Structure formats: structure tokens, C-alpha cells
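Following: one structure in C-alpha cells, then a few remarks.
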Amino acid sequence: MSTATTTQTDYAAAPVLPDVLPPVKQRGPVGTFIHRHPTIVGGGTLMAIMVLIAILAPYLGTVDPTALAPVKRLRPPSEQYWFGTDALGRDVYSRVIYGSRVSLIVGFAVAAIASCIGTFIGLVSGFVRPVDAILMRVMDGLMSIPAILLAIALMALLGASVQNVIIAVSIAEFPRVSRLIRGVVLSLREQPFVEASVASGTRVPKIIWKHILPNTLAPLMVNATFICASAMITEAALSFIGAGTPPIIPSWGNIMAEGRALWQIKPYIVFFPAIFLCITVLSVNLLGDGMRDALDPRLAKRL
Amino acid sequence: MLAYAARRILATIPVMLLVAFFVFSLLYIAPGDPAAIIAGDQATPADVERIRISLGLDRPFVVRFGEWLWHILHGDLGTSIFTNLPVSHMIQQRIEPTLSLMLLTIVFAVCVAIPLGVVAAWKQGSWIDSAVMVLAVFGFSTPVFVMGYILAYVFALQLDWLPVQGFNPISDGLVPFLRNLVLPTVALGLIFIALLARITRATMLDVLSQDYVRTAKAKGVGQRQVLFVHALKNAAVPIITVIGNGVALLIGGAVVTESVFAIPGLGRLTLDAILRRDYPVIQGVVLLFSISYVLVNLLVDLLYTLFDPRIRY
């Protein structure tokens, strides 16, 4: 038997077991992530592809999307014109690819702006009690006007341009964010840790920055993805009825609006942008769903 | 109960006033002279002056707002700049198609979505559940007009089962009325169904995990009764909230669907008014839609008491 100091050689060699069980195949960290969150991976990949398409638009075999060529109008999809040509002879494929830029820009910008404004108002409303009732009534009033009607009316006033579309849709979307943030703030204020910081003399801005805001990030991000999807659909609907992006700038709604008159005989002008729009919105929705399930499993039950 | 109803009704009045304020002030928040905006690009200075006088822009804002409100309460929504007809008359002519479309859509969506959601929750984890969830995500990722075009292409153009567009008033007969409305209703409804089925499933999952459902099953209550009497009744509150909120989406969707299917309703009226910058009509229609939405939500609030007697605050 060995004495106090043990060395490597004192250990008995471990018995070597025969390979009765098959070796366990381990999934790497990436594989585990994909297995647990298929919707985030699916939605994220699709969205990454759409963003790449938008950024690399000039290199994807496109021509100038605004180049008129009336001689070649209304050609069906072929080897030369992958998605065909529209009533003015423009290449539908190029217009669709460049149109992705407008939709993505509008979607992301509206999500960002509406989230910022909504967070600010929600924070003010949650912390400054006397203002809360008034602000929430105003938000209720704004929310009572159906979003697309509000956006249409604002577009009629502001005039057609991508910036005005972003402004109009953000105004239609921010009240809901402010309600959400206000709810989170009100529920957080009752939490012990916030009470403790108030009791230890922390000033309100620091409480907001260190305690409240980090906890609002999760629902805010999930909500932002849904706003992005909704904004893309609203922008397309606005352009479709003629109250959105000006016709100079190709946008999926625009292309569909122009293809409307002839869609019964030349359906491809309407269908190609429609497919791209659906795929993009689907990817954003999937991403939002996945993020919601991942960030708060309790919400996974509810939607 | 009556006190609750009275309080809810009173609570909607400030909201309606705010909506009226927003709708009225839309014209005045735009940069530039409102009279010039209404007159448009082609107007002469004499036209702009004429419109300015007719709008009464020299009077203070509050006075104008008060007058406008007073007229609204008496049913006078103003006169259209373009057609010189009273706006309420124009709305009356166009309200039937929109109202029928929306009512049919709500009925269709509720009748399809709630059973789908209940079945998906009951058979959670099975293929029905996954199928409903996947279809639901696809459903509300598709814009209304895209859905409309797909349906019209498949069912009207290729299969020729239904007319492509148009509207027949109900006075002309029930069958043509319904035939024309089937495609728009399904297009609008599918998206509403997607939303509603998801929320129904989620709420039902919550409810089905409760103790009283387990007690009912242990008592031997039949499956259908457990689902529809015990579970669904308790799940009803969030579901009808979403139905109420969905009406706003329906209104927006109806505007676009009427465009796709050439239905001469309020949506088309709004669009034409926007393009022609006919502000009294825009104001009148947006006000009408918004007040209807507020009233629908009031109805939902009052319906809560039916499903959940605990709500009496």
C-alpha cells in the first residue's frame, strides 16, 4: 500500500471496457442550436438570403430596373428575361430584385423607429403617473384608427416618397409598442430588485438604464420583428393602391400595382413580386416566432 | 352589471373624441397651406381662395373643430369637394358591399378558426397541431391582396368556378350575391383565421392544463362537453379580444380586397378620395371606420361579462 504521497504510478490502471455500446454521437454546439430552434434558423437564413439579394442587387444579373423598352413589352418569362417584361418593357426580374431594397429598408426602419418612440413613451408613461392616463388615452385613440387607413391618410398629406412611407407606417405602429413597454415597466416596478434600488437611493435614470431597459429588450425585440413584417405588408399594400412608394422607385407593391390591369392574361407580373414578398414576410415572422419561443418559454404556450 | 356597462360606455367617449380630433387635424398637420393641398397641383389662386373660404380657415382651430363635431353629431359629414354630394349620402350608397364582406368574413373566420384552434390544442403535438401552426404562419405572412390574386387565379381564371370580380347586391338574389363574395371573403378570412387559430390554440392549451378540466374529465364528462363548455368558455376572453382587435385588420384588408376584386364599397370610395384629395370624404370614411372599431371593442368589453362573471370592474 502506498503512503501519504501518491504518484501517478500508484493508481491502478482502469479496466478497458469492450465496446458493447455504440459510441454516442455528439452534436456540436451549432447542431444543438439548430435542433432546438429550427424556426430561428429557418427564418434567419431566409432573411439573410433576402438581405444579401438586396445588397448584391447590381451583381445578380440585373439590368437597370427603370430602363424602358416598349418594343419588348409584355414578353413572358424566357431565357433572356427571367421573369418576363412588364407593360413598359422593363425587366421584371431586375425590378423585383431592386424592389427588395425598398421593402427591407422600410421594414427595418419602421421597426427601429416605432420601437424607439414606443419605448420612450412607454417609459415616460410607466414612470410619470399623472401623464400615464392622458398618454394611454391618446394611444388608444391612435390605435382606434385602422393602421392602413391612418397610413393612407398620412401619405395623402405628406406626398409619395420612401421616407414618408416610413414616417406614416411608424406613426401607425408605435402606439402598440408604447402599450407593451408600459406594461413591462409597470410590472417591473413592483419587483423586489427595483424596490431595493429605489430604497438604496438610486436615481431614476440609472434605474431605467440598468434595471428596466434590459428587461424590456426581450419582448421589444420580438415585437420589433412582428412590426417589421407588418410594415413590409403595409408598405406593399400602400404601393399597391397607389399611395406608397412613387412609381419611379421599384417596390414589390408598385410592380404588382402596375401589373394589375393585365393580370388575367399576364399573371407573372403580379406573381413574382408576390412570391418574394411572401417569402420575406414569412422569414421575418418565423424569426420572430422563434425568438419569442427562445427568449421566454412561458410565452411559447401563448402564441 | 349595468354600472359596468355604463362605465365602459362612458370610457369610450374620450377615445371617440380623440379619434375625431386626430381625423379632423390630419388635414392641418401637413406642411403647407391646407387649402392649397386640397386644391391640388392644378389649382389657380382663385380656386385656392374659394376653398379657403369654404373651409373657414380664418377662424380659430377650436371653433372649426367644434363646428365640425356639431355637424357630425347631427349626421352631416360635410360635402364632397369632387362630386358636391353630401358625404353621408355617398357613404350610404357604398356601405352595403363593405358591410356584407366584413360580416361574412367574421362569421367565416370564427366558424373555421375556433374549431381548428380547439382541435390543435386538444391534439397537441400531433400532425394536426403542426399542420395548423405551419398553415397559420403562412397565412398571416401573406398579404391580403396576394391571397386574393392567388385565389382569383386558381378558382376564377383556371377553374372558372366563381366570377373574377364585381358585386351583386342582395336584392338581386342570394346566390349571385354569395357567388361574388366567396373569393373576397375567403381571401380576407384566411388571414384572420391564421391569427385566430393560433390564439385559440394558445389559450386553449393554457386552459386545458388547469385543474378544473382534469376534474371534469375525472368526473366522466364527455370529451366534447369538456372542450366546448368548460374549456372554451374560459378561453373565450382572450379570443374575443383578438376578434375585436382583428376587426381593425379586417377594415384595412377590406380596403385592399375591394381594390383587387373591384367591389364598389367604402374601401374603393376611400381610395378614390385619396387619389382625388377629397378631404371631406376621407375624413368621413376614416371617422366612420374608427368609430365602428371603437364600438366593436365596446361590444367585446360588454361580452366579457357573459363569459367571465368575474369581470365587473
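We name chains A, B, ... following the order of the C-alpha cells; residues begin at 1 in each chain, and ligands are numbered from 1 as shown.
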
At most 9 Å to chain B: residues in chain A, only C-alpha atoms, as a VMD selection string: chain A and resid 137 to 138 140 to 150 152 to 158 229 to 230 233 to 234 236 to 238 240 to 243 260 263 to 264 267 270 to 271 274 to 275 277 to 286 300 to 303

Atoms to include: N, CA and C atoms. Write the selected residues as a short mmCIF file (atom, residue, chain, number, x, y, z; two decimals), in the first residue's frame.
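Produced file part29.cif, reproduced below:
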data_model
loop_
_atom_site.label_atom_id
_atom_site.label_comp_id
_atom_site.auth_asym_id
_atom_site.auth_seq_id
_atom_site.Cartn_x
_atom_site.Cartn_y
_atom_site.Cartn_z
N ARG A 137 -54.67 57.27 -23.17
CA ARG A 137 -55.90 57.60 -23.90
C ARG A 137 -55.56 58.02 -25.32
N VAL A 138 -54.49 58.84 -25.43
CA VAL A 138 -54.08 59.27 -26.76
C VAL A 138 -53.66 58.07 -27.61
N ASP A 140 -54.72 55.02 -27.24
CA ASP A 140 -55.96 54.31 -27.60
C ASP A 140 -56.63 54.95 -28.79
N GLY A 141 -56.67 56.29 -28.76
CA GLY A 141 -57.29 57.00 -29.87
C GLY A 141 -56.58 56.71 -31.18
N LEU A 142 -55.24 56.76 -31.14
CA LEU A 142 -54.48 56.48 -32.36
C LEU A 142 -54.68 55.05 -32.81
N MET A 143 -54.75 54.13 -31.85
CA MET A 143 -54.90 52.72 -32.22
C MET A 143 -56.28 52.43 -32.77
N SER A 144 -57.25 53.31 -32.48
CA SER A 144 -58.60 53.04 -32.96
C SER A 144 -58.73 53.29 -34.45
N ILE A 145 -57.81 54.05 -35.00
CA ILE A 145 -57.86 54.28 -36.44
C ILE A 145 -57.10 53.12 -37.09
N PRO A 146 -57.77 52.34 -37.93
CA PRO A 146 -57.08 51.19 -38.53
C PRO A 146 -55.79 51.63 -39.21
N ALA A 147 -54.73 50.84 -38.97
CA ALA A 147 -53.38 51.26 -39.34
C ALA A 147 -53.27 51.67 -40.80
N ILE A 148 -53.89 50.90 -41.68
CA ILE A 148 -53.68 51.20 -43.07
C ILE A 148 -54.41 52.48 -43.46
N LEU A 149 -55.56 52.75 -42.83
CA LEU A 149 -56.26 53.98 -43.14
C LEU A 149 -55.46 55.18 -42.67
N LEU A 150 -54.88 55.07 -41.47
CA LEU A 150 -54.06 56.14 -40.95
C LEU A 150 -52.88 56.38 -41.87
N ILE A 152 -52.66 55.62 -45.06
CA ILE A 152 -53.12 56.19 -46.33
C ILE A 152 -53.36 57.68 -46.17
N ALA A 153 -54.05 58.04 -45.08
CA ALA A 153 -54.36 59.46 -44.89
C ALA A 153 -53.07 60.27 -44.75
N LEU A 154 -52.10 59.75 -43.97
CA LEU A 154 -50.85 60.48 -43.81
C LEU A 154 -50.10 60.58 -45.12
N MET A 155 -50.11 59.51 -45.92
CA MET A 155 -49.43 59.56 -47.22
C MET A 155 -50.09 60.59 -48.13
N ALA A 156 -51.42 60.68 -48.04
CA ALA A 156 -52.09 61.67 -48.89
C ALA A 156 -51.64 63.08 -48.55
N LEU A 157 -51.32 63.29 -47.26
CA LEU A 157 -50.88 64.62 -46.85
C LEU A 157 -49.42 64.87 -47.15
N LEU A 158 -48.59 63.82 -46.89
CA LEU A 158 -47.15 64.05 -46.97
C LEU A 158 -46.62 63.92 -48.37
N ALA A 229 -42.46 42.81 -40.09
CA ALA A 229 -43.30 42.07 -41.04
C ALA A 229 -44.52 42.88 -41.42
N SER A 230 -45.17 43.45 -40.39
CA SER A 230 -46.38 44.22 -40.64
C SER A 230 -46.08 45.45 -41.49
N ILE A 233 -45.73 44.50 -45.14
CA ILE A 233 -47.02 44.25 -45.77
C ILE A 233 -47.75 45.57 -46.01
N THR A 234 -47.69 46.48 -45.00
CA THR A 234 -48.39 47.76 -45.16
C THR A 234 -47.79 48.56 -46.30
N ALA A 236 -46.28 47.41 -48.92
CA ALA A 236 -46.68 46.81 -50.18
C ALA A 236 -48.13 47.15 -50.50
N ALA A 237 -48.99 47.10 -49.46
CA ALA A 237 -50.39 47.43 -49.70
C ALA A 237 -50.54 48.88 -50.13
N LEU A 238 -49.80 49.80 -49.46
CA LEU A 238 -49.86 51.21 -49.83
C LEU A 238 -49.41 51.42 -51.27
N PHE A 240 -49.41 49.23 -53.57
CA PHE A 240 -50.35 48.55 -54.45
C PHE A 240 -51.54 49.43 -54.78
N ILE A 241 -52.05 50.19 -53.77
CA ILE A 241 -53.20 51.03 -54.08
C ILE A 241 -52.78 52.39 -54.59
N GLY A 242 -51.49 52.61 -54.72
CA GLY A 242 -51.03 53.84 -55.34
C GLY A 242 -50.71 54.95 -54.36
N ALA A 243 -50.74 54.66 -53.08
CA ALA A 243 -50.48 55.70 -52.09
C ALA A 243 -49.16 55.51 -51.39
N ARG A 260 -51.41 45.01 -62.37
CA ARG A 260 -52.82 44.73 -62.07
C ARG A 260 -53.72 44.69 -63.27
N TRP A 263 -53.44 41.43 -65.26
CA TRP A 263 -53.03 40.23 -64.57
C TRP A 263 -53.75 38.99 -65.05
N GLN A 264 -54.91 39.19 -65.67
CA GLN A 264 -55.63 38.00 -66.10
C GLN A 264 -54.95 37.32 -67.28
N PRO A 267 -50.21 36.99 -65.76
CA PRO A 267 -50.17 36.94 -64.30
C PRO A 267 -48.77 37.02 -63.71
N VAL A 270 -47.64 40.07 -61.62
CA VAL A 270 -48.14 40.18 -60.26
C VAL A 270 -47.55 39.10 -59.37
N PHE A 271 -47.31 37.90 -59.92
CA PHE A 271 -46.96 36.79 -59.06
C PHE A 271 -45.52 36.80 -58.58
N ALA A 274 -45.10 39.00 -55.69
CA ALA A 274 -45.91 38.46 -54.61
C ALA A 274 -45.17 37.33 -53.90
N ILE A 275 -44.54 36.45 -54.68
CA ILE A 275 -43.81 35.34 -54.07
C ILE A 275 -42.68 35.87 -53.19
N LEU A 277 -42.40 38.77 -51.78
CA LEU A 277 -42.94 39.44 -50.59
C LEU A 277 -43.34 38.41 -49.55
N CYS A 278 -44.05 37.35 -50.00
CA CYS A 278 -44.48 36.33 -49.05
C CYS A 278 -43.30 35.67 -48.38
N ILE A 279 -42.27 35.33 -49.16
CA ILE A 279 -41.11 34.65 -48.56
C ILE A 279 -40.44 35.55 -47.53
N THR A 280 -40.27 36.83 -47.88
CA THR A 280 -39.60 37.74 -46.95
C THR A 280 -40.40 37.90 -45.67
N VAL A 281 -41.71 38.15 -45.80
CA VAL A 281 -42.53 38.34 -44.60
C VAL A 281 -42.56 37.05 -43.79
N LEU A 282 -42.64 35.92 -44.47
CA LEU A 282 -42.64 34.64 -43.77
C LEU A 282 -41.35 34.47 -42.97
N SER A 283 -40.22 34.82 -43.57
CA SER A 283 -38.95 34.65 -42.86
C SER A 283 -38.92 35.53 -41.62
N VAL A 284 -39.41 36.77 -41.74
CA VAL A 284 -39.41 37.65 -40.56
C VAL A 284 -40.33 37.11 -39.49
N ASN A 285 -41.50 36.61 -39.89
CA ASN A 285 -42.43 36.06 -38.91
C ASN A 285 -41.85 34.83 -38.22
N LEU A 286 -41.21 33.96 -39.00
CA LEU A 286 -40.60 32.77 -38.41
C LEU A 286 -39.52 33.17 -37.40
N ALA A 300 -44.17 30.81 -25.00
CA ALA A 300 -44.28 29.85 -26.09
C ALA A 300 -45.65 29.19 -26.06
N LYS A 301 -46.20 29.08 -24.87
CA LYS A 301 -47.53 28.47 -24.80
C LYS A 301 -48.56 29.40 -25.40
N ARG A 302 -48.34 30.72 -25.21
CA ARG A 302 -49.43 31.62 -25.53
C ARG A 302 -49.50 32.05 -26.98
N LEU A 303 -48.46 32.03 -27.72
CA LEU A 303 -48.54 32.31 -29.17
C LEU A 303 -47.20 32.07 -29.82
#

Nearby residues (only C-alpha atoms) at most 12 Å from B:Leu116, same-chain spacing under 3 positions excluded, as a VMD selection string: chain B and resid 109 to 113 119 to 124 128 to 133 135 to 136 193 to 202 204

Kindly save the residues from that selection, with C-alpha atoms included, as a compact mmCIF listing (two decimals), in the first residue's frame.
# COMPACT_ATOMS: atom_id res chain seq x y z
CA ALA B 109 -63.30 33.14 -39.87
CA VAL B 110 -64.80 32.49 -36.44
CA CYS B 111 -66.56 29.31 -37.61
CA VAL B 112 -63.37 27.89 -39.11
CA ALA B 113 -60.67 29.20 -36.80
CA VAL B 119 -58.59 20.63 -32.26
CA ALA B 120 -54.95 21.76 -32.50
CA ALA B 121 -54.83 22.33 -28.75
CA TRP B 122 -56.59 19.09 -27.95
CA LYS B 123 -54.28 17.04 -30.14
CA GLN B 124 -51.20 18.97 -29.20
CA ILE B 128 -52.89 18.27 -36.95
CA ASP B 129 -51.27 20.62 -34.48
CA SER B 130 -48.15 21.09 -36.58
CA ALA B 131 -50.19 21.47 -39.76
CA VAL B 132 -52.41 24.16 -38.22
CA MET B 133 -49.41 26.05 -36.87
CA LEU B 135 -50.53 26.96 -42.16
CA ALA B 136 -51.19 29.74 -39.70
CA ILE B 193 -58.26 32.55 -39.47
CA ALA B 194 -54.49 32.20 -39.23
CA LEU B 195 -54.35 34.79 -36.45
CA LEU B 196 -57.39 33.50 -34.63
CA ALA B 197 -56.46 29.80 -34.80
CA ARG B 198 -53.08 30.49 -33.22
CA ILE B 199 -54.55 32.48 -30.37
CA THR B 200 -57.33 29.95 -29.84
CA ARG B 201 -54.82 27.12 -29.68
CA ALA B 202 -52.58 29.00 -27.28
CA MET B 204 -56.93 26.51 -25.06

For atom CA of B:Thr257 and atom CA of B:Leu269, the interatomic separation in Å (one decimal): 12.8 Å

DSSP alpha helix (DSSP H) residues within stretch 127-294 of chain B, as a ChimeraX atom specification: /B:127-141,144-151,174-208,211-219,223-225,232-261,266-276,279-294

Minimum-distance residue to B:Val107, chosen among B:Gly189, B:Pro176, B:Gly78, B:Gly284 (using only C-alpha atoms): B:Gly189

Within 12 Å of B:Leu227 using only C-alpha atoms, minus same-chain residues under 2 positions, as a PyMOL selection string: chain B and resi 114-115+117-123+201+204-205+207-209+212-214+216-217+221-225+229-236

Nearby residues (only C-alpha atoms) at most 12 Å from stretch 73-82 of chain A, same-chain spacing under 2 positions excluded, as a PyMOL selection string: chain A and resi 60-63+67-71+84-97+258-259+262-263+265-269+271-272

Would you save the residues from that selection as a PDB file, in the first residue's frame, using C-alpha atoms?
ATOM      1  CA  LEU A  60     -27.203  39.319 -59.731  1.00  0.00           C
ATOM      2  CA  GLY A  61     -27.658  39.512 -63.461  1.00  0.00           C
ATOM      3  CA  THR A  62     -29.923  42.545 -63.345  1.00  0.00           C
ATOM      4  CA  VAL A  63     -30.228  45.450 -65.710  1.00  0.00           C
ATOM      5  CA  ALA A  67     -34.936  51.254 -68.313  1.00  0.00           C
ATOM      6  CA  LEU A  68     -37.898  51.475 -70.645  1.00  0.00           C
ATOM      7  CA  ALA A  69     -38.002  49.331 -73.753  1.00  0.00           C
ATOM      8  CA  PRO A  70     -41.532  49.495 -75.144  1.00  0.00           C
ATOM      9  CA  VAL A  71     -40.588  47.305 -78.097  1.00  0.00           C
ATOM     10  CA  GLY A  84     -40.605  38.466 -68.294  1.00  0.00           C
ATOM     11  CA  THR A  85     -41.156  42.125 -69.103  1.00  0.00           C
ATOM     12  CA  ASP A  86     -43.907  44.449 -67.988  1.00  0.00           C
ATOM     13  CA  ALA A  87     -46.171  46.834 -69.867  1.00  0.00           C
ATOM     14  CA  LEU A  88     -43.364  49.348 -70.437  1.00  0.00           C
ATOM     15  CA  GLY A  89     -40.774  46.773 -71.424  1.00  0.00           C
ATOM     16  CA  ARG A  90     -38.866  46.857 -68.145  1.00  0.00           C
ATOM     17  CA  ASP A  91     -37.279  43.627 -66.978  1.00  0.00           C
ATOM     18  CA  VAL A  92     -39.453  42.272 -64.165  1.00  0.00           C
ATOM     19  CA  TYR A  93     -36.593  40.256 -62.643  1.00  0.00           C
ATOM     20  CA  SER A  94     -34.443  43.362 -62.153  1.00  0.00           C
ATOM     21  CA  ARG A  95     -37.356  45.304 -60.754  1.00  0.00           C
ATOM     22  CA  VAL A  96     -38.161  42.551 -58.276  1.00  0.00           C
ATOM     23  CA  ILE A  97     -34.545  42.272 -57.121  1.00  0.00           C
ATOM     24  CA  GLU A 258     -48.572  48.119 -62.490  1.00  0.00           C
ATOM     25  CA  GLY A 259     -49.279  44.517 -63.351  1.00  0.00           C
ATOM     26  CA  LEU A 262     -53.284  42.883 -67.206  1.00  0.00           C
ATOM     27  CA  TRP A 263     -53.025  40.229 -64.565  1.00  0.00           C
ATOM     28  CA  ILE A 265     -53.548  37.479 -69.217  1.00  0.00           C
ATOM     29  CA  LYS A 266     -50.060  38.183 -67.880  1.00  0.00           C
ATOM     30  CA  PRO A 267     -50.173  36.944 -64.297  1.00  0.00           C
ATOM     31  CA  TYR A 268     -46.401  36.708 -63.915  1.00  0.00           C
ATOM     32  CA  ILE A 269     -46.013  40.467 -63.387  1.00  0.00           C
ATOM     33  CA  PHE A 271     -46.958  36.788 -59.059  1.00  0.00           C
ATOM     34  CA  PHE A 272     -43.189  37.142 -58.941  1.00  0.00           C
TER      35      PHE A 272
END
